[in-house]
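Heads up, final_39.txt below (compact mmCIF, C-alpha atoms and all ligand atoms):
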# COMPACT_ATOMS: atom_id res chain seq x y z
CA MET A 1 110.94 124.98 145.89
CA ALA A 2 108.02 122.58 146.36
CA THR A 3 108.91 118.98 147.00
CA GLU A 4 105.54 117.29 146.80
CA THR A 5 104.98 114.37 144.51
CA ARG A 6 101.58 114.29 142.88
CA ALA A 7 99.73 111.16 141.99
CA THR A 8 96.50 112.74 140.86
CA THR A 9 95.71 114.73 137.79
CA PRO A 10 94.91 118.42 138.25
CA SER A 11 91.63 119.50 136.75
CA ARG A 12 91.02 122.73 134.89
CA THR A 13 89.39 123.75 131.70
CA VAL A 14 91.56 124.61 128.72
CA THR A 15 90.13 126.11 125.59
CA PRO A 16 91.46 124.01 122.72
CA THR A 17 93.33 125.83 119.96
CA THR A 18 92.20 125.04 116.45
CA GLU A 19 94.79 126.66 114.15
CA SER A 20 96.58 124.44 111.67
CA LEU A 21 100.29 123.78 112.19
CA PRO A 22 102.96 125.83 110.38
CA GLY A 23 104.87 124.66 107.29
CA ALA A 24 108.55 123.67 107.20
CA LEU A 25 109.88 127.18 106.51
CA ALA A 26 107.94 128.73 109.38
CA LEU A 27 109.14 125.89 111.64
CA LEU A 28 112.74 126.66 110.77
CA GLY A 29 112.23 130.38 111.41
CA GLY A 30 110.63 129.61 114.77
CA LEU A 31 113.47 127.28 115.81
CA ASN A 32 116.08 129.90 114.88
CA HIS A 33 114.23 132.44 116.96
CA VAL A 34 114.33 130.15 120.02
CA ALA A 35 118.02 129.32 119.49
CA ARG A 36 118.90 133.02 119.38
CA ALA A 37 117.02 133.62 122.65
CA LEU A 38 119.21 131.16 124.58
CA VAL A 39 121.66 133.59 126.13
CA PRO A 40 122.84 133.32 129.71
CA PHE A 41 121.93 136.89 130.63
CA ASN A 42 118.43 136.83 129.18
CA PRO A 43 116.46 139.55 130.93
CA GLY A 44 113.18 137.88 129.87
CA GLY A 45 113.64 134.91 132.22
CA THR A 46 115.47 131.61 132.06
CA SER A 47 116.56 129.95 128.85
CA LEU A 48 114.21 127.02 129.55
CA ALA A 49 111.34 129.50 129.70
CA GLN A 50 112.39 130.70 126.22
CA VAL A 51 112.15 127.14 124.89
CA VAL A 52 108.67 126.67 126.38
CA LEU A 53 107.61 129.98 124.87
CA GLY A 54 109.05 128.97 121.49
CA THR A 55 107.34 125.55 121.57
CA LYS A 56 104.03 127.25 122.30
CA ARG A 57 104.53 129.69 119.43
CA ILE A 58 105.72 127.15 116.89
CA LEU A 59 103.56 124.05 117.54
CA ARG A 60 100.61 125.70 119.32
CA PRO A 61 99.92 122.97 121.88
CA ASP A 62 97.50 123.57 124.75
CA GLY A 63 100.17 122.58 127.27
CA THR A 64 103.98 122.53 127.30
CA ALA A 65 106.27 121.22 130.05
CA ILE A 66 109.98 120.65 130.48
CA LEU A 67 110.83 118.01 133.07
CA ILE A 68 114.42 117.74 134.29
CA ARG A 69 115.74 114.48 135.72
CA GLY A 70 117.58 114.78 139.04
CA ALA A 71 120.51 112.65 140.19
CA ASN A 72 118.06 110.68 142.38
CA GLY A 73 115.97 109.67 139.33
CA GLU A 74 113.08 112.06 140.08
CA TYR A 75 111.73 114.33 137.37
CA LEU A 76 111.00 117.97 138.22
CA PHE A 77 108.33 119.87 136.25
CA LYS A 78 110.77 122.76 135.93
CA THR A 79 109.10 125.02 133.37
CA VAL A 80 105.44 124.65 132.42
CA ASP A 81 102.75 126.42 130.45
CA GLY A 82 99.01 126.14 129.66
CA ALA A 83 97.45 122.76 130.48
CA PHE A 84 100.56 121.80 132.51
CA ALA A 85 100.52 124.99 134.61
CA GLU A 86 99.32 123.29 137.77
CA TRP A 87 102.21 120.83 137.77
CA ASN A 88 104.69 123.68 138.25
CA ARG A 89 107.60 122.62 140.53
CA TYR A 90 106.10 119.17 141.21
CA TYR A 91 108.27 116.07 141.15
CA LEU A 92 107.55 112.72 139.54
CA SER A 93 109.10 109.94 141.55
CA GLY A 94 108.74 106.18 142.05
CA SER A 95 106.92 104.20 139.36
CA ALA A 96 105.90 107.36 137.42
CA ALA A 97 109.58 108.29 137.03
CA GLU A 98 110.55 104.72 136.16
CA LEU A 99 107.88 104.52 133.46
CA LEU A 100 109.13 107.79 132.03
CA ASP A 101 112.72 106.43 132.07
CA LYS A 102 111.53 103.43 130.04
CA LEU A 103 109.64 105.61 127.62
CA LEU A 104 112.65 107.83 126.99
CA GLU A 105 114.94 104.86 126.41
CA ARG A 106 113.36 104.76 122.93
CA ASP A 107 115.35 107.90 122.16
CA THR A 108 112.72 109.27 119.81
CA VAL A 109 109.62 111.44 119.92
CA VAL A 110 106.67 109.39 121.15
CA LEU A 111 103.12 110.42 120.18
CA PHE A 112 100.10 109.49 122.30
CA ARG A 113 96.37 109.47 121.69
CA ARG A 114 93.75 109.05 124.33
CA GLY A 115 92.64 105.42 124.37
CA GLN A 116 96.15 104.02 123.86
CA ARG A 117 97.23 101.67 126.61
CA SER A 118 99.77 103.89 128.30
CA PRO A 119 99.06 104.37 132.00
CA TRP A 120 101.78 107.02 132.16
CA ALA A 121 100.22 109.12 129.39
CA ARG A 122 96.76 108.72 130.92
CA GLU A 123 98.02 110.14 134.19
CA PHE A 124 100.35 112.89 133.04
CA LEU A 125 99.38 113.91 129.51
CA PHE A 126 95.62 113.51 129.40
CA GLY A 127 94.49 115.52 132.40
CA ASP A 128 92.36 118.60 131.76
CA GLY A 129 90.42 116.98 128.92
CA MET A 130 93.53 116.60 126.76
CA GLY A 131 93.28 113.95 124.07
CA TRP A 132 96.68 114.03 122.40
CA GLY A 133 100.26 114.36 123.55
CA ALA A 134 103.90 113.99 122.62
CA ALA A 135 107.11 113.40 124.56
CA ALA A 136 110.57 114.28 123.21
CA PRO A 137 113.62 113.12 125.18
CA ILE A 138 116.14 115.81 126.10
CA LYS A 139 119.45 114.06 125.53
CA PRO A 140 122.35 116.34 124.66
CA HIS A 141 125.54 114.29 124.20
CA GLY A 142 123.53 111.10 124.79
CA GLU A 143 123.02 111.89 128.46
CA MET A 144 119.42 111.80 129.72
CA VAL A 145 118.62 115.31 130.98
CA GLY A 146 114.82 115.24 130.86
CA VAL A 147 111.81 115.41 128.58
CA LEU A 148 109.82 118.00 126.66
CA LEU A 149 106.08 117.29 126.80
CA VAL A 150 103.26 118.84 124.79
CA ASN A 151 99.57 118.05 124.85
CA HIS A 152 96.40 119.21 123.12
CA ALA A 153 92.65 118.74 123.49
CA THR A 154 92.27 117.29 119.99
CA PRO A 155 94.92 115.41 117.98
CA LEU A 156 97.36 117.84 116.34
CA PRO A 157 98.03 116.97 112.70
CA PHE A 158 101.75 116.25 113.31
CA ARG A 159 103.69 115.56 110.13
CA PRO A 160 107.34 114.40 110.10
CA GLU A 161 108.57 118.01 110.05
CA HIS A 162 106.62 118.74 113.24
CA VAL A 163 108.06 115.68 114.94
CA ALA A 164 111.52 116.88 113.87
CA ALA A 165 110.78 120.38 115.17
CA LEU A 166 109.73 118.98 118.55
CA GLN A 167 112.94 116.94 118.69
CA ASN A 168 114.95 120.08 117.84
CA LEU A 169 113.15 122.01 120.55
CA ALA A 170 114.10 119.24 123.00
CA THR A 171 117.74 119.59 121.92
CA LEU A 172 117.48 123.35 122.50
CA ALA A 173 116.00 122.59 125.93
CA GLY A 174 119.19 120.62 126.68
CA VAL A 175 121.29 123.65 125.74
CA ALA A 176 118.96 125.92 127.72
CA GLU A 177 119.25 123.79 130.84
CA ARG A 178 123.04 124.05 130.61
CA GLU A 179 122.84 127.84 130.11
CA ASP A 180 120.57 128.17 133.14
CA SER A 181 122.85 126.12 135.35
CA HIS A 182 125.91 128.15 134.18
CA ARG A 183 123.96 131.25 135.03
CA ALA A 184 123.12 129.91 138.49
CA HIS A 185 126.78 129.02 139.11
CA LEU A 186 127.93 132.46 137.99
CA GLU A 187 125.32 134.13 140.19
CA ASP A 188 126.51 132.08 143.17
CA LEU A 189 130.11 132.99 142.41
CA PHE A 190 129.43 136.74 142.19
CA MET A 191 127.20 136.68 145.24
CA GLY A 192 129.89 134.80 147.18
CA VAL A 193 132.46 137.49 146.39
CA ILE A 194 130.16 140.40 147.20
CA VAL A 195 128.83 138.83 150.40
CA SER A 196 132.41 138.13 151.55
CA LEU A 197 133.22 141.80 150.99
CA THR A 198 130.23 142.95 153.02
CA MET A 199 130.99 140.48 155.78
CA ALA A 200 134.62 141.62 155.89
CA LEU A 201 133.38 145.19 156.25
CA GLU A 202 131.01 144.22 159.08
CA ALA A 203 133.62 142.05 160.81
CA LYS A 204 135.91 145.07 161.22
CA ASP A 205 133.29 146.52 163.53
CA PRO A 206 132.04 144.31 166.39
CA TYR A 207 128.88 146.42 166.56
CA THR A 208 127.71 145.54 163.07
CA GLU A 209 128.96 141.97 162.75
CA GLY A 210 126.22 139.71 161.38
CA HIS A 211 123.92 142.69 160.70
CA SER A 212 123.24 141.94 157.01
CA ALA A 213 122.60 138.24 157.68
CA ARG A 214 120.06 139.12 160.38
CA VAL A 215 118.39 141.71 158.13
CA ALA A 216 118.21 139.05 155.40
CA ALA A 217 116.62 136.51 157.76
CA TYR A 218 113.99 138.98 159.04
CA SER A 219 113.25 140.22 155.53
CA GLU A 220 112.82 136.81 153.96
CA ALA A 221 110.40 135.84 156.74
CA ILE A 222 108.44 139.08 156.19
CA GLY A 223 108.31 138.36 152.45
CA LYS A 224 106.95 134.87 153.12
CA GLN A 225 104.38 136.31 155.50
CA LEU A 226 103.29 138.72 152.75
CA GLY A 227 102.99 135.82 150.30
CA LEU A 228 105.75 136.88 147.89
CA PRO A 229 106.66 134.25 145.26
CA PRO A 230 109.91 132.25 145.74
CA GLU A 231 111.85 134.19 143.04
CA GLN A 232 111.06 137.47 144.78
CA LEU A 233 111.94 136.04 148.20
CA ASP A 234 115.31 135.13 146.76
CA ILE A 235 115.81 138.72 145.54
CA VAL A 236 114.76 140.06 148.95
CA HIS A 237 117.21 137.74 150.73
CA ARG A 238 120.16 138.51 148.46
CA SER A 239 119.50 142.28 148.36
CA CYS A 240 119.66 142.33 152.15
CA LEU A 241 122.97 140.50 152.24
CA VAL A 242 124.55 143.24 150.12
CA HIS A 243 122.45 146.29 151.07
CA ASP A 244 125.28 148.16 152.82
CA LEU A 245 128.01 147.22 150.33
CA GLY A 246 128.40 150.94 149.49
CA LYS A 247 129.77 151.55 153.00
CA ILE A 248 133.04 150.14 151.66
CA ALA A 249 133.59 153.59 150.18
CA VAL A 250 132.76 155.45 153.42
CA ASP A 251 135.59 156.45 155.73
CA GLY A 252 136.01 154.14 158.74
CA ASN A 253 135.86 157.05 161.21
CA ILE A 254 132.49 158.14 159.88
CA LEU A 255 131.13 154.56 160.00
CA GLY A 256 132.23 154.21 163.62
CA LYS A 257 130.39 157.37 164.67
CA GLU A 258 127.04 157.17 162.94
CA GLU A 259 125.53 159.61 165.44
CA GLY A 260 126.82 163.11 166.00
CA LEU A 261 128.03 163.29 162.39
CA SER A 262 128.75 166.70 160.89
CA ARG A 263 126.67 167.72 157.89
CA ARG A 264 129.53 166.82 155.52
CA GLU A 265 130.03 163.46 157.19
CA ARG A 266 126.28 162.74 157.07
CA GLU A 267 126.24 163.56 153.34
CA LYS A 268 129.07 161.09 152.75
CA MET A 269 127.35 158.41 154.80
CA ASP A 270 124.06 158.91 152.93
CA LEU A 271 125.76 158.19 149.62
CA HIS A 272 126.20 154.50 150.50
CA PRO A 273 122.98 153.21 148.85
CA VAL A 274 123.93 154.86 145.55
CA ILE A 275 127.56 153.73 145.80
CA GLY A 276 126.38 150.17 146.53
CA GLU A 277 124.18 150.29 143.44
CA ASP A 278 127.08 151.61 141.33
CA LEU A 279 129.38 148.83 142.56
CA LEU A 280 126.85 146.12 141.71
CA ARG A 281 125.58 147.52 138.41
CA PRO A 282 128.37 146.11 136.18
CA ILE A 283 127.47 142.56 137.28
CA THR A 284 124.55 141.90 134.96
CA LEU A 285 123.42 138.82 136.86
CA LEU A 286 122.96 140.82 140.06
CA ARG A 287 120.82 143.55 138.44
CA PRO A 288 117.65 142.38 140.24
CA LEU A 289 119.32 143.42 143.52
CA LEU A 290 119.83 147.06 142.53
CA PRO A 291 116.39 148.49 143.45
CA GLY A 292 116.57 147.13 147.01
CA VAL A 293 120.12 148.36 147.53
CA ARG A 294 119.42 151.84 146.17
CA SER A 295 116.13 152.39 148.01
CA HIS A 296 116.61 150.82 151.44
CA HIS A 297 116.76 154.25 153.13
CA GLU A 298 113.61 155.62 151.51
CA HIS A 299 110.75 156.46 153.90
CA PHE A 300 107.12 155.50 153.30
CA ASP A 301 106.08 159.18 153.52
CA GLY A 302 108.68 160.31 150.98
CA THR A 303 111.16 161.90 153.40
CA GLY A 304 113.96 159.35 152.87
CA TYR A 305 116.91 159.22 150.46
CA PRO A 306 118.34 159.08 147.81
CA ASP A 307 115.23 159.71 145.66
CA GLY A 308 112.51 160.75 148.13
CA LEU A 309 110.23 157.96 146.85
CA ALA A 310 106.97 157.41 148.74
CA GLY A 311 104.48 154.56 149.33
CA GLU A 312 104.39 151.77 146.81
CA ALA A 313 106.78 153.64 144.52
CA ILE A 314 109.45 152.29 146.87
CA PRO A 315 110.38 148.78 145.71
CA ILE A 316 108.84 146.16 148.03
CA GLU A 317 112.24 144.64 148.90
CA ALA A 318 113.44 148.09 150.05
CA ARG A 319 110.29 148.68 152.15
CA ILE A 320 110.81 145.29 153.81
CA MET A 321 114.52 145.94 154.32
CA ALA A 322 113.86 149.34 155.93
CA VAL A 323 111.87 147.67 158.73
CA SER A 324 114.35 144.82 159.31
CA ASP A 325 117.35 147.14 159.09
CA ALA A 326 115.93 149.62 161.60
CA PHE A 327 114.88 146.89 164.03
CA ASP A 328 118.29 145.22 163.95
CA ALA A 329 120.09 148.55 164.37
CA MET A 330 117.89 149.47 167.34
CA THR A 331 118.40 146.11 169.07
CA SER A 332 122.20 146.08 168.57
CA ASN A 333 124.74 147.79 170.81
CA ARG A 334 126.40 150.76 169.17
CA PRO A 335 129.46 152.73 170.31
CA TYR A 336 127.22 155.63 171.34
CA ARG A 337 124.34 153.71 172.99
CA HIS A 338 123.21 150.36 174.36
CA ALA A 339 120.80 148.14 172.46
CA LEU A 340 117.12 148.96 172.98
CA PRO A 341 115.00 146.22 174.56
CA GLU A 342 113.02 144.46 171.84
CA GLU A 343 109.64 145.71 173.15
CA ASP A 344 110.88 149.30 172.80
CA ALA A 345 112.20 148.64 169.30
CA LEU A 346 108.87 147.06 168.27
CA ALA A 347 107.01 150.05 169.75
CA GLU A 348 109.28 152.36 167.76
CA LEU A 349 108.45 150.50 164.54
CA ARG A 350 104.73 150.78 165.33
CA ARG A 351 105.07 154.47 166.14
CA ASN A 352 106.70 155.11 162.74
CA ALA A 353 104.36 152.90 160.70
CA GLY A 354 102.84 155.05 157.96
CA THR A 355 105.59 157.69 158.14
CA HIS A 356 108.97 155.99 158.07
CA PHE A 357 107.70 152.44 157.39
CA ASP A 358 105.04 150.68 155.33
CA PRO A 359 102.41 149.74 158.01
CA ARG A 360 101.62 146.43 156.28
CA ILE A 361 105.26 145.43 156.62
CA VAL A 362 105.51 146.49 160.27
CA ALA A 363 102.45 144.29 160.95
CA ALA A 364 104.09 141.37 159.11
CA PHE A 365 107.31 141.89 161.09
CA GLU A 366 105.44 141.64 164.38
CA GLN A 367 104.00 138.32 163.22
CA ILE A 368 107.28 136.73 162.20
CA TYR A 369 109.58 138.19 164.84
CA PRO A 370 109.15 135.59 167.64
CA ALA A 371 110.00 132.66 165.34
CA VAL A 372 112.90 134.38 163.56
CA LYS A 373 114.35 135.61 166.84
CA ARG A 374 114.82 132.04 168.04
CA THR A 375 116.73 131.02 164.90
CA LEU A 376 118.88 134.16 164.98
CA GLU A 377 120.28 133.91 168.48
CA HIS A 378 123.56 132.44 167.24
CA LEU A 379 124.11 135.26 164.73
CA ARG A 380 124.20 138.08 167.27
CA PRO A 381 127.67 138.95 168.52
CA ARG A 382 128.20 138.73 172.27
CA SER A 383 127.99 142.12 173.91
FE FE B 1 122.15 151.22 154.83

Entire entry expressed as structure tokens:
Amino acid sequence: MATETRATTPSRTVTPTTESLPGALALLGGLNHVARALVPFNPGGTSLAQVVLGTKRILRPDGTAILIRGANGEYLFKTVDGAFAEWNRYYLSGSAAELLDKLLERDTVVLFRRGQRSPWAREFLFGDGMGWGAAAPIKPHGEMVGVLLVNHATPLPFRPEHVAALQNLATLAGVAEREDSHRAHLEDLFMGVIVSLTMALEAKDPYTEGHSARVAAYSEAIGKQLGLPPEQLDIVHRSCLVHDLGKIAVDGNILGKEEGLSRREREKMDLHPVIGEDLLRPITLLRPLLPGVRSHHEHFDGTGYPDGLAGEAIPIEARIMAVSDAFDAMTSNRPYRHALPEEDALAELRRNAGTHFDPRIVAAFEQIYPAVKRTLEHLRPRS
């Protein structure tokens, strides 16, 4: 999450929309549509994103933004669209936040035109050649949660019903924010339970203790190196923490051996990615983790399991995990062998780049390894 505070206005060109605004009946239909989309398990993104989408569809502004007020009085541009796109994840603090506080004290939709004496609007609504804007306070139960902003290149012909619609959308944004934070709490709760299970499984075996946490740390750093967006980094990190969950269903004797397994034992062991996926599937909120869990033993050349996927058909989080997982396994002591020196393990990754591993990811691993190694020292069990 970015933490910068911006004092300057981003510049980009936005093509103004020219359609007229909808009538009262269409407004009502549009609002109902948004309200129905506010469900905690929305596969199409967060509930706040649904409100921004609805605002865009109903009132057709050039820019839409939902700012959420933090406990410290800063406002975060949490969900943005169109002319506000470049403010994504920025914070308003200091006098900009105080001016917004004052503005929202009015407890009503405020409309702005370029030329009015509002320094706040000049700075935050009229960038990008915008000439008109509106701010609706988000205040469910009287508590200040944030503000819904819209702007447009030319003045929109807002009638009272459009002002009311914007206020209703702000109310829905309040509900959406609550839904999203419930969702985040539930996700944390489920993740906590699953991660505890995996850690309990690893803790039974001194050779694997801390393995998933190390794989997660390597993988997240690789993802950053590859330039993955924050949401995907989060999926990479969490998938790694639970990637071997399916080993819960594998007999302890088989887990302890790992090498010299009979064919039957090997078959049982190789089921763990699919079992892990099956265990996680009922938890809707953790669905984004399934591809990484299922595919972390696929090989880049298609010789892995369970599906024999090859190349980019293997989900990126699984390709990343394969490299981190193999490196950590090679550099850990096992009952049947000592840990390989890191240079040998790195050479092994290089040797298998293009066959077992995605070469781009092996290259990224080599870049991030020295820094991650230093932060991981405390996670490795004493041998
Ligand atoms: Fe595994």

Residue list as a ChimeraX atom specification for point (109.4, 142.2, 156.0), cut-off 8 Å, all atoms listed in the file: /A:218-223,225-226,319-321,323-324,361-362,364-365

What are the nearest atom pairs, with distances in Å to one decimal, for all residues of chain A that come at most 12 Å from ligand FE 1 (chain B), using all atoms listed in the file, set out by chain and rising residue number as JSON lines?
{"residue": "A:Thr198", "atom": "CA", "partner": "B:FE1", "partner_atom": "FE", "distance": 11.7}
{"residue": "A:Thr208", "atom": "CA", "partner": "B:FE1", "partner_atom": "FE", "distance": 11.4}
{"residue": "A:His211", "atom": "CA", "partner": "B:FE1", "partner_atom": "FE", "distance": 10.5}
{"residue": "A:Ser212", "atom": "CA", "partner": "B:FE1", "partner_atom": "FE", "distance": 9.6}
{"residue": "A:Val215", "atom": "CA", "partner": "B:FE1", "partner_atom": "FE", "distance": 10.7}
{"residue": "A:Ser239", "atom": "CA", "partner": "B:FE1", "partner_atom": "FE", "distance": 11.3}
{"residue": "A:Cys240", "atom": "CA", "partner": "B:FE1", "partner_atom": "FE", "distance": 9.6}
{"residue": "A:Leu241", "atom": "CA", "partner": "B:FE1", "partner_atom": "FE", "distance": 11.1}
{"residue": "A:Val242", "atom": "CA", "partner": "B:FE1", "partner_atom": "FE", "distance": 9.6}
{"residue": "A:His243", "atom": "CA", "partner": "B:FE1", "partner_atom": "FE", "distance": 6.2}
{"residue": "A:Asp244", "atom": "CA", "partner": "B:FE1", "partner_atom": "FE", "distance": 4.8}
{"residue": "A:Leu245", "atom": "CA", "partner": "B:FE1", "partner_atom": "FE", "distance": 8.4}
{"residue": "A:Gly246", "atom": "CA", "partner": "B:FE1", "partner_atom": "FE", "distance": 8.2}
{"residue": "A:Lys247", "atom": "CA", "partner": "B:FE1", "partner_atom": "FE", "distance": 7.8}
{"residue": "A:Ile248", "atom": "CA", "partner": "B:FE1", "partner_atom": "FE", "distance": 11.4}
{"residue": "A:Val250", "atom": "CA", "partner": "B:FE1", "partner_atom": "FE", "distance": 11.5}
{"residue": "A:Leu255", "atom": "CA", "partner": "B:FE1", "partner_atom": "FE", "distance": 10.9}
{"residue": "A:Glu258", "atom": "CA", "partner": "B:FE1", "partner_atom": "FE", "distance": 11.2}
{"residue": "A:Met269", "atom": "CA", "partner": "B:FE1", "partner_atom": "FE", "distance": 8.9}
{"residue": "A:Asp270", "atom": "CA", "partner": "B:FE1", "partner_atom": "FE", "distance": 8.1}
{"residue": "A:Leu271", "atom": "CA", "partner": "B:FE1", "partner_atom": "FE", "distance": 9.4}
{"residue": "A:His272", "atom": "CA", "partner": "B:FE1", "partner_atom": "FE", "distance": 6.8}
{"residue": "A:Pro273", "atom": "CA", "partner": "B:FE1", "partner_atom": "FE", "distance": 6.4}
{"residue": "A:Val274", "atom": "CA", "partner": "B:FE1", "partner_atom": "FE", "distance": 10.1}
{"residue": "A:Ile275", "atom": "CA", "partner": "B:FE1", "partner_atom": "FE", "distance": 10.8}
{"residue": "A:Gly276", "atom": "CA", "partner": "B:FE1", "partner_atom": "FE", "distance": 9.4}
{"residue": "A:Glu277", "atom": "CA", "partner": "B:FE1", "partner_atom": "FE", "distance": 11.6}
{"residue": "A:Gly292", "atom": "CA", "partner": "B:FE1", "partner_atom": "FE", "distance": 10.4}
{"residue": "A:Val293", "atom": "CA", "partner": "B:FE1", "partner_atom": "FE", "distance": 8.1}
{"residue": "A:Arg294", "atom": "CA", "partner": "B:FE1", "partner_atom": "FE", "distance": 9.1}
{"residue": "A:Ser295", "atom": "CA", "partner": "B:FE1", "partner_atom": "FE", "distance": 9.2}
{"residue": "A:His296", "atom": "CA", "partner": "B:FE1", "partner_atom": "FE", "distance": 6.5}
{"residue": "A:His297", "atom": "CA", "partner": "B:FE1", "partner_atom": "FE", "distance": 6.4}
{"residue": "A:Glu298", "atom": "CA", "partner": "B:FE1", "partner_atom": "FE", "distance": 10.2}
{"residue": "A:Gly304", "atom": "CA", "partner": "B:FE1", "partner_atom": "FE", "distance": 11.7}
{"residue": "A:Tyr305", "atom": "CA", "partner": "B:FE1", "partner_atom": "FE", "distance": 10.5}
{"residue": "A:Pro306", "atom": "CA", "partner": "B:FE1", "partner_atom": "FE", "distance": 11.2}
{"residue": "A:Ala318", "atom": "CA", "partner": "B:FE1", "partner_atom": "FE", "distance": 10.4}
{"residue": "A:Met321", "atom": "CA", "partner": "B:FE1", "partner_atom": "FE", "distance": 9.3}
{"residue": "A:Ala322", "atom": "CA", "partner": "B:FE1", "partner_atom": "FE", "distance": 8.6}
{"residue": "A:Val323", "atom": "CA", "partner": "B:FE1", "partner_atom": "FE", "distance": 11.6}
{"residue": "A:Ser324", "atom": "CA", "partner": "B:FE1", "partner_atom": "FE", "distance": 11.0}
{"residue": "A:Asp325", "atom": "CA", "partner": "B:FE1", "partner_atom": "FE", "distance": 7.6}
{"residue": "A:Ala326", "atom": "CA", "partner": "B:FE1", "partner_atom": "FE", "distance": 9.3}
{"residue": "A:Asp328", "atom": "CA", "partner": "B:FE1", "partner_atom": "FE", "distance": 11.6}
{"residue": "A:Ala329", "atom": "CA", "partner": "B:FE1", "partner_atom": "FE", "distance": 10.1}

Distance query segment 147-155 of chain A at most 7 Å, all atoms listed in the file, self and fewer than 3 positions along chain excluded, as a list in words: Pro16, Pro61, Asp62, Gly63, Thr64, Ala65, Ile66, Leu67, Ile68, Leu125, Gly129, Met130, Gly131, Trp132, Gly133, Ala134, Ala135, Ala136, Pro137, Ile138 and Ala170 of chain A

Could you please take those selected residues and save C-alpha atoms as a compact mmCIF listing (two decimals), keeping the file's coordinate frame?
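For reference, selection_12.txt as written:
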# COMPACT_ATOMS: atom_id res chain seq x y z
CA PRO A 16 91.46 124.01 122.72
CA PRO A 61 99.92 122.97 121.88
CA ASP A 62 97.50 123.57 124.75
CA GLY A 63 100.17 122.58 127.27
CA THR A 64 103.98 122.53 127.30
CA ALA A 65 106.27 121.22 130.05
CA ILE A 66 109.98 120.65 130.48
CA LEU A 67 110.83 118.01 133.07
CA ILE A 68 114.42 117.74 134.29
CA LEU A 125 99.38 113.91 129.51
CA GLY A 129 90.42 116.98 128.92
CA MET A 130 93.53 116.60 126.76
CA GLY A 131 93.28 113.95 124.07
CA TRP A 132 96.68 114.03 122.40
CA GLY A 133 100.26 114.36 123.55
CA ALA A 134 103.90 113.99 122.62
CA ALA A 135 107.11 113.40 124.56
CA ALA A 136 110.57 114.28 123.21
CA PRO A 137 113.62 113.12 125.18
CA ILE A 138 116.14 115.81 126.10
CA ALA A 170 114.10 119.24 123.00

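Taking all atoms listed in the file into account, Leu172 of chain A lies nearest to A:Lys139 out of the set A:Arg287, A:Phe84, A:Lys139, A:Asn352.
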
Residues within 9 Å of segment 180-196 of chain A, all atoms listed in the file, excluding chain neighbours under 4 positions, as a PyMOL selection string: chain A and resi 39-41+46-48+175-176+200-201+238+241-242+245+280+283+285-286

Take the residues from that selection and put them in a file with C-alpha atoms, as a compact mmCIF listing (two decimals), in the frame of the given file.
# COMPACT_ATOMS: atom_id res chain seq x y z
CA VAL A 39 121.66 133.59 126.13
CA PRO A 40 122.84 133.32 129.71
CA PHE A 41 121.93 136.89 130.63
CA THR A 46 115.47 131.61 132.06
CA SER A 47 116.56 129.95 128.85
CA LEU A 48 114.21 127.02 129.55
CA VAL A 175 121.29 123.65 125.74
CA ALA A 176 118.96 125.92 127.72
CA ALA A 200 134.62 141.62 155.89
CA LEU A 201 133.38 145.19 156.25
CA ARG A 238 120.16 138.51 148.46
CA LEU A 241 122.97 140.50 152.24
CA VAL A 242 124.55 143.24 150.12
CA LEU A 245 128.01 147.22 150.33
CA LEU A 280 126.85 146.12 141.71
CA ILE A 283 127.47 142.56 137.28
CA LEU A 285 123.42 138.82 136.86
CA LEU A 286 122.96 140.82 140.06

For atom CA of Ile368 of chain A and atom CA of Glu342 of chain A, the interatomic separation in Å (one decimal): 13.6 Å

Local residues around (134.0, 158.4, 158.8), at most 12 Å away, using all atoms listed in the file, as a list of chain:residue names: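 The requested residues, written out, are A:Lys247, A:Ile248, A:Ala249, A:Val250, A:Asp251, A:Gly252, A:Asn253, A:Ile254, A:Leu255, A:Gly256, A:Lys257, A:Glu258, A:Glu259, A:Gly260, A:Leu261, A:Ser262, A:Arg263, A:Arg264, A:Glu265, A:Arg266, A:Glu267, A:Lys268, A:Met269, A:Asp270.
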
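Going from atom CA of Arg57 of chain A to atom CA of Ala26 of chain A covers 10.7 Å.
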
Atom-to-atom span, atom CA of Ile58 of chain A and atom CA of Ala96 of chain A, Å: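 Atom CA of Ala96 of chain A lies 28.5 Å from atom CA of Ile58 of chain A.
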
Nearby residues (all atoms listed in the file) at most 10 Å from Met330 of chain A, same-chain spacing under 6 positions excluded, as a list in words: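 Returned residues: Ser324, Arg337, His338, Ala339, Leu340, Pro341, Glu342, Asp344, Ala345, Leu346, Glu348 and Leu349 of chain A.
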
Nearest residue to Ile235 of chain A from the set A:Ile316, A:Gln367, A:Gly94, A:Ala49 (distances using only C-alpha atoms):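 The shortest atom-to-atom distance to Ile235 of chain A comes from A:Ile316.
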
Best match for closeness to Phe112 of chain A among A:Arg69, A:Tyr369, A:His33, A:Leu156, counting all atoms listed in the file: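 Comparing A:Arg69, A:Tyr369, A:His33, A:Leu156 against Phe112 of chain A, the winner is A:Leu156.
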
Proximity to Asp301 of chain A - best of A:Arg122, A:His356, A:Lys224, A:His141, all atoms listed in the file: A:His356

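Between Pro335 of chain A and the residues A:Pro160, A:Tyr207, A:Leu166, A:Leu103, the shortest atom-to-atom distance, using all atoms listed in the file, involves A:Tyr207.
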
Test item: residues at most 12 Å from Lys102 of chain A, all atoms listed in the file, excluding those fewer than 4 positions along its chain, as a ChimeraX atom specification: /A:95-98,106-108,110,118,120,137,144
